[in-house]
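Please read the structure below before turning to the comments.
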Amino acid sequence: MARPVAPADDWVARTAEQVRAEGERRHPGEAPTCASGISPSGPVHLGNLRELMVPHLIADEVRRGGAPCRHILSWDDYDRFRRVPAGFPAEFAEYIGRPLTAVPDPCHQHPNWAEHFKEPLRDSLARLGVRVTEISQTQMYTSGAYTEQIVLAMRRRAEIGAVLARYRTRRAARPEDTEPDDDDPQTAVYYPFRPYCAVCGRDDTTVTAFDDETTEISYTCACGARIGPTPIAQVAGKLAWKVDWPMRWAYERVTFEPAGVDHSSPGSSFTVGGELVSLFGGEMPLHFGYSFVGTSGSAKMSGSAGGAPTPADALEIFEAPLVRWLYARRRPEQAITLAFDAEVGRVYDEWDALSRRVAEGKADAAAQAVYARASGTSDGPLPVTPRPLPFRTLASVADITAGDQAQILRILRDLTEPDPVVTLAEVRPRLDCAQAWVAEYVRPADRTQVRDEPDVARLAALTESERGALKLLTEGMTTDWSLEGLTTLLYGVPKLQLGLPITAPPTPELKVSQRALFILLYQLLIGKDTGPRLPTLLLALGPDRVRALLTPP
Ligand SMILES: [Zn+2]
């Protein structure tokens, strides 16, 4: 079928085309496979989401082009439990060395530890429109799916050991290397398979013999167990990580698998895997390194366990297409920063501006492509907010009203005259995002607390000019109680005081008076020098409350 030619700088289109062509060359007539791997050893944070979003964007692009493409999510849930993550009871140390699926669930609602961390990610992926085929490594290993590959690796242990040893020498010169390494030889003879002890369930095991003919294995364990000889097919255990990964590239016929930049260094599992994959009858996937994902202002008030924000945290304050956009708009080598602070409003404004340009047909081809990838997938569009009011406005309203739904609707109605919002459903899910942001990321000291009682002392100390300004304001309010009317009035009061028409152009002198008036109003209404936009604040409070707080005794 005819395919549009991708712009040279469009990495998604370019990679998708390479994946499609390479898949066809390797396995004609078969869908290519993009792969992601996640270890459910603790909370899966936003940085890990790039491991999923990059292959997703490519697989989805292939599908948009009309061809099938598989995106597998390999759960590394048969990995050993290495350490108890921060925020979890120290008693879990008891399970160190066991597979993640053999550690109890910390909340007693899931079958095991791994499932506890899979569930929130699975939910986030569904909301993001990321369609994956999940593969549990526990299921694969314990079902015997890899037995043939394990026997092969054990028979070729000398070759594998030599490759690992060659890279290990190089790695010795790089003390900063912190990549977890469970591949170091346990004995003079290297065995790429490590059993989980049949007695204690841990992997503190040492292989002592393997018979290439009978495939029988013997091992000892730190717990004192001495097992074997037993056919390896009946022994729980897994291949060392650097052998396991290329084995799976071959097994799943992976066409494309990117990795974090740290994986592409010499001696990394990626490099070593590239040397070992042919042993298993496969080829190294197409790949590139992607850069890091950082966050700003991400300290959540309620303090979720584990600290670093998760995709679910991001989806609480960003509509799903925005999260996709934050990943899709950056090239892989560019770092991504997700804002949880006041920048959130700016991110929404940029997104809204892009959406408008696309709707008006004013976006260039690159911007249109990024927008299409963010706002939907080959499966269809993602849900949007029917009336995308500016995030900052919604956040202000959520702040002023402390979340009161009836008040929010009343204010939004006033704000959107002459085409008023009729129900809050029109402004959801964005309103929910704004409410969550105010509740979770705006410090209580920065939130708006409207005075319950007038500031009697300040009102008694008003100057003549201040008194006059408040009078002009409270009287003027009755004429036009709308966002536009109140804006004109607020900026107009100092003009009227100078005997100028309310429509007079601004002057430096006027700006000083306007600023002084705004500070006075903030003090009298919310007891601070700054706050949400005043017209919005006045609308939120309603004329009676405003008058009560601004009228001298
Ligand atoms: Zn043991």
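In the structure tokens, chains take letters A, B, ... by order of appearance, with residues numbered from 1 within each chain and ligands from 1 in the order shown.
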Contacts of chain A with ligand 1 up to 9 Å, shortest pair per row, only C-alpha atoms and all ligand atoms, as CSV:
residue,atom,partner,partner_atom_place_in_ligand_line,distance
A:Tyr196,CA,ligand 1,1 (Zn),7.6
A:Cys197,CA,ligand 1,1 (Zn),4.5
A:Ala198,CA,ligand 1,1 (Zn),6.6
A:Val199,CA,ligand 1,1 (Zn),5.1
A:Cys200,CA,ligand 1,1 (Zn),4.0
A:Gly201,CA,ligand 1,1 (Zn),6.0
A:Arg202,CA,ligand 1,1 (Zn),5.7
A:Asp203,CA,ligand 1,1 (Zn),7.2
A:Asp204,CA,ligand 1,1 (Zn),6.6
A:Thr205,CA,ligand 1,1 (Zn),6.9
A:Thr220,CA,ligand 1,1 (Zn),7.7
A:Cys221,CA,ligand 1,1 (Zn),4.6
A:Ala222,CA,ligand 1,1 (Zn),5.8
A:Cys223,CA,ligand 1,1 (Zn),4.2
A:Gly224,CA,ligand 1,1 (Zn),6.4
A:Ala225,CA,ligand 1,1 (Zn),5.5
A:Arg226,CA,ligand 1,1 (Zn),8.5
Using DSSP secondary structure from the backbone, list all helix (DSSP H, G or I) positions within stretch 295-535 of chain A, as a PyMOL selection string. chain A and resi 311-317+320-328+343-359+365-375+391-401+405-415+424-427+430-441+444-446+456-460+464-476+483-497+508-526+534-535
One residue among A:Leu517, A:Leu152, A:Val512, A:Val293 is nearest to A:Gly468 when using only C-alpha atoms, and that residue is A:Leu517
Give me, as a PyMOL selection string, all polymer residues having an atom no more than 9 Å from stretch 451-465 of chain A, counting only C-alpha atoms and skipping those fewer than 3 positions away in the same chain. chain A and resi 468-470+497+523-527+548-553
Write a file of the selected residues as a PDB file, in the first residue's frame, keeping C-alpha atoms.
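Wrote part-v3.pdb, looks like this:
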ATOM      1  CA  GLY A 468     -13.085  56.151  47.219  1.00  0.00           C
ATOM      2  CA  ALA A 469     -11.681  53.311  45.119  1.00  0.00           C
ATOM      3  CA  LEU A 470     -13.611  50.637  47.051  1.00  0.00           C
ATOM      4  CA  GLN A 497     -10.520  58.470  40.371  1.00  0.00           C
ATOM      5  CA  GLN A 523      -5.420  41.878  51.523  1.00  0.00           C
ATOM      6  CA  LEU A 524      -9.075  42.570  52.243  1.00  0.00           C
ATOM      7  CA  LEU A 525     -10.370  39.455  50.476  1.00  0.00           C
ATOM      8  CA  ILE A 526      -7.775  36.758  51.181  1.00  0.00           C
ATOM      9  CA  GLY A 527      -5.258  38.346  53.576  1.00  0.00           C
ATOM     10  CA  ALA A 548     -19.295  42.492  52.883  1.00  0.00           C
ATOM     11  CA  LEU A 549     -15.499  42.195  52.837  1.00  0.00           C
ATOM     12  CA  LEU A 550     -14.869  45.553  51.132  1.00  0.00           C
ATOM     13  CA  THR A 551     -17.288  47.867  52.935  1.00  0.00           C
ATOM     14  CA  PRO A 552     -15.848  49.959  55.812  1.00  0.00           C
ATOM     15  CA  PRO A 553     -17.775  49.797  59.084  1.00  0.00           C
TER      16      PRO A 553
END
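Atom CA of A:Glu333 lies 24.4 Å from atom CA of A:Glu275.
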Write out as an NGL selection string each polymer residue whose atoms come within 12 Å of A:Arg122, counting only C-alpha atoms; drop sequence neighbours fewer than 4 positions from it. :A and (38 or 40 or 44 or 49 or 52 or 73 or 75 or 115-118 or 126-134 or 310-312)
Quick one: distance from atom CA of A:Pro104 to atom CA of A:Gly42 in Å, one decimal? 12.8 Å
Write out as a compact mmCIF listing (two decimals) with N, CA and C atoms, in the first residue's frame each polymer residue whose atoms come within 7 Å of stretch 54-65 of chain A, counting only C-alpha atoms; drop sequence neighbours fewer than 5 positions from it.
# COMPACT_ATOMS: atom_id res chain seq x y z
N ARG A 3 2.51 4.56 1.16
CA ARG A 3 2.79 5.11 2.48
C ARG A 3 3.36 6.50 2.29
N VAL A 12 10.03 8.90 14.68
CA VAL A 12 9.02 7.85 14.84
C VAL A 12 8.72 7.21 13.49
N ALA A 13 8.45 8.05 12.50
CA ALA A 13 8.14 7.52 11.17
C ALA A 13 9.33 6.76 10.60
N THR A 15 11.90 5.29 12.21
CA THR A 15 12.15 4.02 12.90
C THR A 15 11.08 2.99 12.55
N ALA A 16 9.82 3.45 12.48
CA ALA A 16 8.74 2.52 12.16
C ALA A 16 8.98 1.89 10.79
N ARG A 20 9.49 -2.09 10.15
CA ARG A 20 8.63 -2.83 9.22
C ARG A 20 9.50 -3.58 8.19
N CYS A 34 8.04 -5.21 18.63
CA CYS A 34 8.72 -4.19 19.43
C CYS A 34 8.62 -4.66 20.88
N ALA A 35 9.71 -4.50 21.63
CA ALA A 35 9.74 -5.07 22.97
C ALA A 35 10.04 -4.04 24.06
N SER A 36 9.34 -4.22 25.19
CA SER A 36 9.61 -3.46 26.41
C SER A 36 9.80 -4.47 27.53
N ARG A 70 3.53 -6.22 16.70
CA ARG A 70 3.35 -6.73 18.05
C ARG A 70 4.18 -5.87 18.99
N HIS A 71 3.60 -5.50 20.13
CA HIS A 71 4.38 -4.81 21.17
C HIS A 71 4.29 -5.68 22.41
N VAL A 130 -1.90 2.52 25.38
CA VAL A 130 -0.74 1.69 25.03
C VAL A 130 -1.18 0.22 25.08
N GLU A 257 14.10 -3.06 20.07
CA GLU A 257 14.04 -2.88 21.52
C GLU A 257 15.03 -1.79 21.92
N THR A 377 -4.44 6.71 19.03
CA THR A 377 -3.59 5.62 18.56
C THR A 377 -4.26 5.01 17.33
N SER A 378 -3.65 3.96 16.79
CA SER A 378 -4.27 3.28 15.65
C SER A 378 -5.60 2.64 16.07
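From atom CA of A:Asp313 back to atom CA of A:Ala439, the distance works out to 12.7 Å.
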Who sits within 8 Å of stretch 394-408 of chain A, only C-alpha atoms, same chain under 4 positions skipped, as a list in words: Leu389, Pro390, Leu412, Arg430, Leu431, Ala434, Gln435, Trp437, Val438, Arg447, Thr448, Gln449, Val450, Pro532, Arg533, Thr536, Leu537 and Ala540 of chain A
Next, write the just-selected residues to a file, as a PDB file, in the first residue's frame, keeping N, CA, C and O atoms as the atom set.
ATOM      1  N   LEU A 389     -11.090  24.495  28.823  1.00  0.00           N
ATOM      2  CA  LEU A 389     -10.806  25.817  29.411  1.00  0.00           C
ATOM      3  C   LEU A 389      -9.354  25.809  29.900  1.00  0.00           C
ATOM      4  O   LEU A 389      -8.818  24.755  30.230  1.00  0.00           O
ATOM      5  N   PRO A 390      -8.720  26.984  29.936  1.00  0.00           N
ATOM      6  CA  PRO A 390      -7.316  27.003  30.380  1.00  0.00           C
ATOM      7  C   PRO A 390      -7.150  26.338  31.757  1.00  0.00           C
ATOM      8  O   PRO A 390      -7.954  26.569  32.669  1.00  0.00           O
ATOM      9  N   LEU A 412     -17.844  28.921  36.619  1.00  0.00           N
ATOM     10  CA  LEU A 412     -17.482  28.628  35.228  1.00  0.00           C
ATOM     11  C   LEU A 412     -18.554  29.134  34.276  1.00  0.00           C
ATOM     12  O   LEU A 412     -18.268  29.596  33.178  1.00  0.00           O
ATOM     13  N   ARG A 430     -10.406  17.537  32.539  1.00  0.00           N
ATOM     14  CA  ARG A 430      -9.421  18.567  32.899  1.00  0.00           C
ATOM     15  C   ARG A 430      -9.684  19.183  34.266  1.00  0.00           C
ATOM     16  O   ARG A 430      -8.751  19.467  35.018  1.00  0.00           O
ATOM     17  N   LEU A 431     -10.973  19.378  34.587  1.00  0.00           N
ATOM     18  CA  LEU A 431     -11.287  19.946  35.899  1.00  0.00           C
ATOM     19  C   LEU A 431     -10.761  19.043  37.027  1.00  0.00           C
ATOM     20  O   LEU A 431     -10.202  19.530  38.015  1.00  0.00           O
ATOM     21  N   ALA A 434      -7.127  19.561  37.408  1.00  0.00           N
ATOM     22  CA  ALA A 434      -6.822  20.825  38.085  1.00  0.00           C
ATOM     23  C   ALA A 434      -7.075  20.699  39.585  1.00  0.00           C
ATOM     24  O   ALA A 434      -6.285  21.172  40.408  1.00  0.00           O
ATOM     25  N   GLN A 435      -8.176  20.051  39.940  1.00  0.00           N
ATOM     26  CA  GLN A 435      -8.488  19.873  41.368  1.00  0.00           C
ATOM     27  C   GLN A 435      -7.425  19.023  42.048  1.00  0.00           C
ATOM     28  O   GLN A 435      -6.985  19.325  43.150  1.00  0.00           O
ATOM     29  N   TRP A 437      -4.375  18.673  41.120  1.00  0.00           N
ATOM     30  CA  TRP A 437      -3.113  19.427  41.187  1.00  0.00           C
ATOM     31  C   TRP A 437      -3.120  20.395  42.370  1.00  0.00           C
ATOM     32  O   TRP A 437      -2.162  20.455  43.136  1.00  0.00           O
ATOM     33  N   VAL A 438      -4.229  21.118  42.536  1.00  0.00           N
ATOM     34  CA  VAL A 438      -4.312  22.057  43.661  1.00  0.00           C
ATOM     35  C   VAL A 438      -4.202  21.297  44.985  1.00  0.00           C
ATOM     36  O   VAL A 438      -3.464  21.682  45.885  1.00  0.00           O
ATOM     37  N   ARG A 447      -2.317  28.281  48.879  1.00  0.00           N
ATOM     38  CA  ARG A 447      -3.713  28.176  48.460  1.00  0.00           C
ATOM     39  C   ARG A 447      -4.471  29.413  48.918  1.00  0.00           C
ATOM     40  O   ARG A 447      -4.026  30.155  49.787  1.00  0.00           O
ATOM     41  N   THR A 448      -5.638  29.628  48.334  1.00  0.00           N
ATOM     42  CA  THR A 448      -6.426  30.815  48.623  1.00  0.00           C
ATOM     43  C   THR A 448      -7.401  30.543  49.766  1.00  0.00           C
ATOM     44  O   THR A 448      -8.192  29.615  49.699  1.00  0.00           O
ATOM     45  N   GLN A 449      -7.281  31.352  50.821  1.00  0.00           N
ATOM     46  CA  GLN A 449      -8.200  31.236  51.958  1.00  0.00           C
ATOM     47  C   GLN A 449      -8.990  32.538  52.029  1.00  0.00           C
ATOM     48  O   GLN A 449      -8.454  33.561  52.456  1.00  0.00           O
ATOM     49  N   VAL A 450     -10.233  32.493  51.607  1.00  0.00           N
ATOM     50  CA  VAL A 450     -11.045  33.710  51.640  1.00  0.00           C
ATOM     51  C   VAL A 450     -11.390  34.029  53.094  1.00  0.00           C
ATOM     52  O   VAL A 450     -11.688  33.133  53.889  1.00  0.00           O
ATOM     53  N   PRO A 532      -5.167  34.510  43.042  1.00  0.00           N
ATOM     54  CA  PRO A 532      -5.661  34.225  41.702  1.00  0.00           C
ATOM     55  C   PRO A 532      -6.089  35.522  41.007  1.00  0.00           C
ATOM     56  O   PRO A 532      -6.236  36.555  41.668  1.00  0.00           O
ATOM     57  N   ARG A 533      -6.304  35.486  39.715  1.00  0.00           N
ATOM     58  CA  ARG A 533      -6.708  36.694  38.987  1.00  0.00           C
ATOM     59  C   ARG A 533      -7.942  37.292  39.673  1.00  0.00           C
ATOM     60  O   ARG A 533      -8.903  36.590  39.989  1.00  0.00           O
ATOM     61  N   THR A 536     -11.596  36.721  38.378  1.00  0.00           N
ATOM     62  CA  THR A 536     -12.026  35.351  38.678  1.00  0.00           C
ATOM     63  C   THR A 536     -12.363  35.227  40.157  1.00  0.00           C
ATOM     64  O   THR A 536     -13.360  34.607  40.536  1.00  0.00           O
ATOM     65  N   LEU A 537     -11.531  35.818  40.994  1.00  0.00           N
ATOM     66  CA  LEU A 537     -11.764  35.762  42.437  1.00  0.00           C
ATOM     67  C   LEU A 537     -13.087  36.427  42.810  1.00  0.00           C
ATOM     68  O   LEU A 537     -13.880  35.880  43.575  1.00  0.00           O
ATOM     69  N   ALA A 540     -15.944  34.344  41.793  1.00  0.00           N
ATOM     70  CA  ALA A 540     -16.059  33.190  42.669  1.00  0.00           C
ATOM     71  C   ALA A 540     -16.758  33.539  43.975  1.00  0.00           C
ATOM     72  O   ALA A 540     -17.563  32.771  44.484  1.00  0.00           O
TER      73      ALA A 540
END
Residues within 12 Å of A:Pro501, please, as number ranges by chain. Count only C-alpha atoms; anything in the same chain fewer than 5 positions from it doesn't count. A: 488-489, 491-496, 506
Those same residues, written as an mmCIF file, in the first residue's frame with N, CA and C atoms?
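Resulting contents of again_2.cif:
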data_model
loop_
_atom_site.group_PDB
_atom_site.id
_atom_site.type_symbol
_atom_site.label_atom_id
_atom_site.label_comp_id
_atom_site.auth_asym_id
_atom_site.auth_seq_id
_atom_site.Cartn_x
_atom_site.Cartn_y
_atom_site.Cartn_z
ATOM 1 N N THR A 488 -12.767 45.162 33.240
ATOM 2 C CA THR A 488 -12.773 46.578 32.867
ATOM 3 C C THR A 488 -12.883 47.464 34.110
ATOM 4 N N LEU A 489 -13.771 47.076 35.012
ATOM 5 C CA LEU A 489 -13.996 47.872 36.212
ATOM 6 C C LEU A 489 -12.747 47.933 37.098
ATOM 7 N N TYR A 491 -9.598 47.557 36.366
ATOM 8 C CA TYR A 491 -8.540 48.397 35.793
ATOM 9 C C TYR A 491 -9.009 49.843 35.652
ATOM 10 N N GLY A 492 -10.349 50.032 35.639
ATOM 11 C CA GLY A 492 -10.903 51.355 35.394
ATOM 12 C C GLY A 492 -11.030 52.241 36.617
ATOM 13 N N VAL A 493 -11.124 51.621 37.808
ATOM 14 C CA VAL A 493 -11.346 52.422 39.021
ATOM 15 C C VAL A 493 -10.292 53.532 39.185
ATOM 16 N N PRO A 494 -8.993 53.225 39.054
ATOM 17 C CA PRO A 494 -7.995 54.304 39.195
ATOM 18 C C PRO A 494 -8.169 55.397 38.142
ATOM 19 N N LYS A 495 -8.650 55.012 36.957
ATOM 20 C CA LYS A 495 -8.886 56.012 35.914
ATOM 21 C C LYS A 495 -10.013 56.945 36.334
ATOM 22 N N LEU A 496 -11.111 56.357 36.815
ATOM 23 C CA LEU A 496 -12.264 57.153 37.251
ATOM 24 C C LEU A 496 -11.851 58.109 38.359
ATOM 25 N N PRO A 506 -3.729 52.974 29.256
ATOM 26 C CA PRO A 506 -2.900 52.895 30.471
ATOM 27 C C PRO A 506 -1.694 53.829 30.399
#
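Closest approach to A:Phe256 among A:Arg387, A:Arg80, A:His287, A:Arg357: A:His287, based on only C-alpha atoms.
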